[in-house]
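All remarks here apply to the structure that follows.
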Amino acid sequence: MSQEISALQKARASYQPKLPAALRAGAAVSVVRGNPLPAFADADKIAALFPSTSNMPDLKFAAGSGARLAKPINAAVILSGGQAPGGHNVIAGLYDGLKSLHPESKLYGFKGGPSGLVDNKYVEITDSFMDAFRNTGGFDMIGSGRTKLELPEQFEKARVNCEKLGITCIVIIGGDDSNTNACLLAEYYKAHNAGIQVVGCPKTIDGDLKNKFVEASFGFDTASKVYSELIGNIARDSNSAKKYWHFVKLMGRSASHITLECALRTHVNGALISEEVAAKKQTLSEIVEGIADMVAKRAENGENFGVILIPEGLIEFIPEIKVLIGELNDVLAKNGEAFAAISGKDEKLAFVTKLLTPASAKVFSSLPDTIRVQLSSDRDPHGNVQVSLIETEKLLAELTKKVLAERKKAGTYKGKFSTQTHFFGYEGRCAAPSNFDADYCYSLGFNAAAILGSGATAYMSYISGLTKPADQWGAGAIPLTAMMNVEHRHGEDKPVIKKALVELDQAPFKAFAAARADWAVNTSFVYPGPIQYFGPAEVCDQTTETLKLEHQ
Ligand code: FBP
């Protein structure tokens, strides 16, 4: 049965993503090797943990005399972690890039994420299969998953599965955790002479996989534009009805890049930036008092409405709660089975409370039950608290209401305060990629094929100069080990790719900090509207404000 597709999807199917000149299909690519690149942090520890793949040079690709491959290559691709707009275009770029290296090259997709590689669930990607997914959102082409690939048994199973299909290259499309796994896999295969190259591509709507080589992770552009559209619509509703304060929580896991980007696009009244909360060591009660001050100030002008953005990871950055979460992670890592065996909610909460330090037990006990349950619920396979499940927007709305009620009693506040809460995350992760993400993703995939063609392993594909027209973008590869550092996770010290959080001394935050006092009091909303795929470049091809400001 053929599936009906939308008019937009039909029209988008024929969009030909743009490539940097160096990679243009049919152009031979030559490789320029840079200097050896040690890890940006903990270099000695990382070099000791990754003896076969540390201190490799970065690579740059230029249009040149690099030869086509004499023999075809069989490669595999997996999508790993949360969905991000443009994943299918990475696969399309990889597919086309492999075919341009040698027309008989093959690409297999392992299904359902890393587990597909271990359990040998795969599909061969053909022209017609690929064509149905070009320029579409979602990861439904081959699925995704969060299985952690870190054990030699898993690496060996994957090796056997690859050998059966003659696969000598694996491309892992994922975020920091997935590329950490790509790094472990690459090191293992190189150290064991398995003859399998591993290359990563930077995916995540969270925008926290970036450094001086990787300028942005794909999906951030589209997802933050979708959320900005929705926030703009809410802001306009709020300015029309003039009766609600909207508390909007936004995805982004730990980093506040999405919240910051949406604030810069919509000029809503308030946006909390977790990294600033941590730097200023703000307590929960200080944050709530700050929100209440803003509400009261607007009420003085007769404006009992507004919009405030909350990054989903906020709770982890409030110092006293950060300590609490760290303790909870260790407690749950060590006593997971005993905790799971307890059936009642109150008993479960009492069990963990007993194992916390007195200070953390006090903080834990001060939180509403719903938040305590959410904080002590299952971690993801990488040991992360599932921040998207914690209802911080409701917690803050509730606590602000309490403070304002007290101020009303004391006669210091006379306004009205009604709230609506929202959480935007899944709404944006599978949107049809913007022109930027369609081009960027296709280029990342095409470039990954060039990396494989060069024989390199343990690298991440990167595309640079992203605020310029795509034709002028650069293409290269950075050693995965360069991005690693050692962190305390899940009760142990582990090598992981360092997350790039919002930097308070960088242009995007500074631009926000300079404008926010005005936005807090005056109604200065901007309504970005929906992503446009066809039309004038100034409407369709804009990069994010974050990227623009970072490149200024
Ligand atoms: P990745 O880091 O895997 O790209 O995940 C992105 C993300 O959307 C986060 O913003 C969010 O916290 C998380 O996934 C939600 O996870 P899940 O998809 O398992 O609900």
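Just so we're on the same page: first chain in the structure tokens is A, next is B, and so on; residues restart at 1 for each chain, and ligands are numbered from 1 in the order they show up.
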Determine, for each residue of chain A having at least one atom at most 7 Å from an atom of ligand 1, the closest pair of atoms and their separation in Å to one decimal, counting only C-alpha atoms and all ligand atoms; order by chain and ascending number, as JSON lines.
{"residue": "A:Ser80", "atom": "CA", "partner": "ligand 1", "partner_atom_place_in_ligand_line": "3 (O)", "distance": 6.9}
{"residue": "A:Gly81", "atom": "CA", "partner": "ligand 1", "partner_atom_place_in_ligand_line": "3 (O)", "distance": 3.6}
{"residue": "A:Gly82", "atom": "CA", "partner": "ligand 1", "partner_atom_place_in_ligand_line": "3 (O)", "distance": 3.7}
{"residue": "A:Gln83", "atom": "CA", "partner": "ligand 1", "partner_atom_place_in_ligand_line": "4 (O)", "distance": 6.3}
{"residue": "A:Ala84", "atom": "CA", "partner": "ligand 1", "partner_atom_place_in_ligand_line": "4 (O)", "distance": 6.7}
{"residue": "A:Gly174", "atom": "CA", "partner": "ligand 1", "partner_atom_place_in_ligand_line": "4 (O)", "distance": 6.7}
{"residue": "A:Gly175", "atom": "CA", "partner": "ligand 1", "partner_atom_place_in_ligand_line": "4 (O)", "distance": 5.1}
{"residue": "A:Asp176", "atom": "CA", "partner": "ligand 1", "partner_atom_place_in_ligand_line": "2 (O)", "distance": 6.9}
{"residue": "A:Lys203", "atom": "CA", "partner": "ligand 1", "partner_atom_place_in_ligand_line": "4 (O)", "distance": 6.2}
{"residue": "A:Thr204", "atom": "CA", "partner": "ligand 1", "partner_atom_place_in_ligand_line": "4 (O)", "distance": 3.6}
{"residue": "A:Ile205", "atom": "CA", "partner": "ligand 1", "partner_atom_place_in_ligand_line": "4 (O)", "distance": 5.8}
{"residue": "A:Asp206", "atom": "CA", "partner": "ligand 1", "partner_atom_place_in_ligand_line": "10 (O)", "distance": 5.3}
{"residue": "A:Met251", "atom": "CA", "partner": "ligand 1", "partner_atom_place_in_ligand_line": "10 (O)", "distance": 4.4}
{"residue": "A:Gly252", "atom": "CA", "partner": "ligand 1", "partner_atom_place_in_ligand_line": "10 (O)", "distance": 3.8}
{"residue": "A:Arg253", "atom": "CA", "partner": "ligand 1", "partner_atom_place_in_ligand_line": "12 (O)", "distance": 4.0}
{"residue": "A:Gln386", "atom": "CA", "partner": "ligand 1", "partner_atom_place_in_ligand_line": "12 (O)", "distance": 6.3}
{"residue": "A:Val387", "atom": "CA", "partner": "ligand 1", "partner_atom_place_in_ligand_line": "12 (O)", "distance": 5.8}
{"residue": "A:Ser388", "atom": "CA", "partner": "ligand 1", "partner_atom_place_in_ligand_line": "12 (O)", "distance": 5.0}
{"residue": "A:Gly425", "atom": "CA", "partner": "ligand 1", "partner_atom_place_in_ligand_line": "8 (O)", "distance": 6.4}
{"residue": "A:Arg429", "atom": "CA", "partner": "ligand 1", "partner_atom_place_in_ligand_line": "8 (O)", "distance": 6.8}
Those selected residues, please, written with C-alpha atoms and delivered as a compact mmCIF listing (two decimals), in the first residue's frame.
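result.txt written:
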# COMPACT_ATOMS: atom_id res chain seq x y z
CA SER A 80 21.71 7.26 17.53
CA GLY A 81 19.89 9.10 20.32
CA GLY A 82 17.09 11.66 20.05
CA GLN A 83 15.65 12.65 16.70
CA ALA A 84 16.97 15.80 15.01
CA GLY A 174 24.69 11.07 17.10
CA GLY A 175 25.23 13.54 19.91
CA ASP A 176 27.98 13.71 22.53
CA LYS A 203 23.64 15.49 15.64
CA THR A 204 21.48 17.02 18.36
CA ILE A 205 18.81 19.67 18.57
CA ASP A 206 20.41 20.63 21.91
CA MET A 251 14.14 20.88 25.38
CA GLY A 252 17.88 21.02 25.26
CA ARG A 253 18.90 18.63 28.03
CA GLN A 386 15.67 12.46 32.11
CA VAL A 387 15.20 16.20 32.47
CA SER A 388 12.43 16.27 29.87
CA GLY A 425 10.47 19.40 22.62
CA ARG A 429 12.63 17.21 16.67
*With a distance cut-off of 8 Å and only C-alpha atoms, select the neighbouring residues of segment 464-481 of chain A, excluding the residue or stretch itself and same-chain residues fewer than 2 positions from it, and output the selection as an MDAnalysis selection string.*
chainID A and resid 18:23 37:39 46 50 53:62 179:180 183 200 213:215 439:440 447 451 458:462 483:484 543 547:548 551
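If only C-alpha atoms are the atoms counted, then among A:Thr523, A:Ser256, A:Ser14, A:Asn193 the closest residue to Ser224 of chain A is A:Ser256.
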*Could you give me the residues within segment 401-533 of chain A that DSSP places in helix (DSSP H, G or I), as number ranges by chain?*
A: 401-410, 426-429, 435-453, 470-472, 480-483, 507-521
_Among listed residues A:Glu427, A:Asp380, A:Asp437, A:Glu163, nearest Asp177 of chain A (using only C-alpha atoms)_ = A:Asp380
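Of the listed residues (A:Val198, A:Ala263, A:Leu399, A:Ile234), A:Leu399 comes nearest to Val288 of chain A; the distances count only C-alpha atoms.
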_Long-range neighbours of Leu69 of chain A as an NGL selection string, 8 Å cut-off, only C-alpha atoms, 6 positions minimum in chain_ = :A and (101-102 or 453)
Residues within 9 Å of Pro152 of chain A, please, as an mmCIF file with N, CA and C atoms, in the first residue's frame. Count only C-alpha atoms; anything in the same chain fewer than 5 positions from it doesn't count.
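result_2.cif written:
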data_model
loop_
_atom_site.group_PDB
_atom_site.id
_atom_site.type_symbol
_atom_site.label_atom_id
_atom_site.label_comp_id
_atom_site.auth_asym_id
_atom_site.auth_seq_id
_atom_site.Cartn_x
_atom_site.Cartn_y
_atom_site.Cartn_z
ATOM 1 N N LYS A 157 30.491 -8.464 18.489
ATOM 2 C CA LYS A 157 29.270 -8.867 17.761
ATOM 3 C C LYS A 157 29.102 -7.989 16.527
ATOM 4 N N LEU A 185 34.482 2.639 20.030
ATOM 5 C CA LEU A 185 34.420 1.601 18.999
ATOM 6 C C LEU A 185 35.613 1.725 18.040
ATOM 7 N N TYR A 188 38.803 0.575 19.692
ATOM 8 C CA TYR A 188 38.840 -0.884 19.823
ATOM 9 C C TYR A 188 39.193 -1.519 18.475
#
*Contacts of segment 115-117 of chain A at 9 Å (only C-alpha atoms; same-chain gap of 2+ positions) as a ChimeraX atom specification*: /A:76,78,109-113,119-122,144-149,154,157-159,161-162
*Which polymer residues have any atom within 6 Å of an atom of Asn74 of chain A, counting only C-alpha atoms, with same-chain residues fewer than 2 positions away left out, as JSON, numbers by chain?*
{"A": [105, 106, 107, 167]}
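Closest to Leu501 of chain A among A:Ala350, A:Ala513, A:Ala279, A:Ile310 is A:Ala279, based on only C-alpha atoms.
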*asked:* From the options A:Asn181, A:Ser524, A:Asn211, A:Ser443, which residue's atoms come nearest to Tyr95 of chain A, counting only C-alpha atoms?
replied: A:Ser443
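Of the residues listed (A:Glu406, A:Lys71, A:Cys169, A:Asp237), A:Cys169 shows the shortest atom-to-atom separation from Gly455 of chain A; distances use only C-alpha atoms.
Backbone DSSP over segment 350-467 of chain A yields strand (DSSP E) at Thr419, Gln420, Thr421, His422, Phe423, Phe424, Tyr459, Met460, Ser461, Tyr462, Ile463 and Ser464 of chain A.
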Could those selected residues go to a file with N, CA, C and O atoms, as a CSV table (one decimal), in the first residue's frame?
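Contents of the output file result_15.csv:
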chain,number,residue,atom,x,y,z
A,419,THR,N,-1.7,31.4,35.2
A,419,THR,CA,-0.6,30.8,34.4
A,419,THR,C,-1.1,29.7,33.4
A,419,THR,O,-2.1,29.1,33.7
A,420,GLN,N,-0.3,29.5,32.4
A,420,GLN,CA,-0.4,28.4,31.5
A,420,GLN,C,1.0,27.8,31.4
A,420,GLN,O,1.9,28.6,31.3
A,421,THR,N,1.1,26.5,31.4
A,421,THR,CA,2.4,25.9,31.2
A,421,THR,C,2.5,25.1,30.0
A,421,THR,O,1.5,24.5,29.5
A,422,HIS,N,3.7,25.0,29.4
A,422,HIS,CA,3.9,24.3,28.1
A,422,HIS,C,5.2,23.6,28.2
A,422,HIS,O,6.1,24.1,28.8
A,423,PHE,N,5.4,22.6,27.4
A,423,PHE,CA,6.7,22.0,27.2
A,423,PHE,C,6.9,21.7,25.7
A,423,PHE,O,6.1,21.0,25.1
A,424,PHE,N,7.8,22.4,25.1
A,424,PHE,CA,8.1,22.1,23.7
A,424,PHE,C,9.4,21.3,23.5
A,424,PHE,O,10.5,21.8,24.0
A,459,TYR,N,37.2,9.8,13.4
A,459,TYR,CA,37.0,11.2,13.1
A,459,TYR,C,35.6,11.6,13.2
A,459,TYR,O,34.7,10.7,13.0
A,460,MET,N,35.3,12.9,13.4
A,460,MET,CA,34.0,13.4,13.2
A,460,MET,C,34.0,14.3,12.0
A,460,MET,O,34.9,15.1,11.8
A,461,SER,N,33.0,14.2,11.2
A,461,SER,CA,32.8,15.0,10.0
A,461,SER,C,32.4,16.4,10.4
A,461,SER,O,31.6,16.6,11.3
A,462,TYR,N,33.1,17.4,9.9
A,462,TYR,CA,32.6,18.8,10.2
A,462,TYR,C,32.6,19.7,8.9
A,462,TYR,O,33.3,19.4,7.9
A,463,ILE,N,31.7,20.6,8.9
A,463,ILE,CA,31.5,21.6,7.8
A,463,ILE,C,31.7,23.0,8.5
A,463,ILE,O,31.1,23.2,9.5
A,464,SER,N,32.5,23.8,7.8
A,464,SER,CA,32.7,25.1,8.5
A,464,SER,C,32.3,26.3,7.7
A,464,SER,O,32.0,26.2,6.5
*Using only C-alpha atoms, which residues sit within 6 Å of Ile308 of chain A once same-chain residues fewer than 5 positions away are excluded, as a list in words?*
Phe247, Asn269, Gly270 and Ala271 of chain A
Take the residues from that selection and write them out as a PDB file, in the first residue's frame, keeping C-alpha atoms.
ATOM      1  CA  PHE A 247       5.748  29.326  31.452  1.00  0.00           C
ATOM      2  CA  ASN A 269       9.807  38.827  28.794  1.00  0.00           C
ATOM      3  CA  GLY A 270      12.071  36.366  30.488  1.00  0.00           C
ATOM      4  CA  ALA A 271      14.366  33.457  29.787  1.00  0.00           C
TER       5      ALA A 271
END
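With atom CA of Arg516 of chain A on one side and atom CA of His257 of chain A on the other, the separation reads 16.0 Å.
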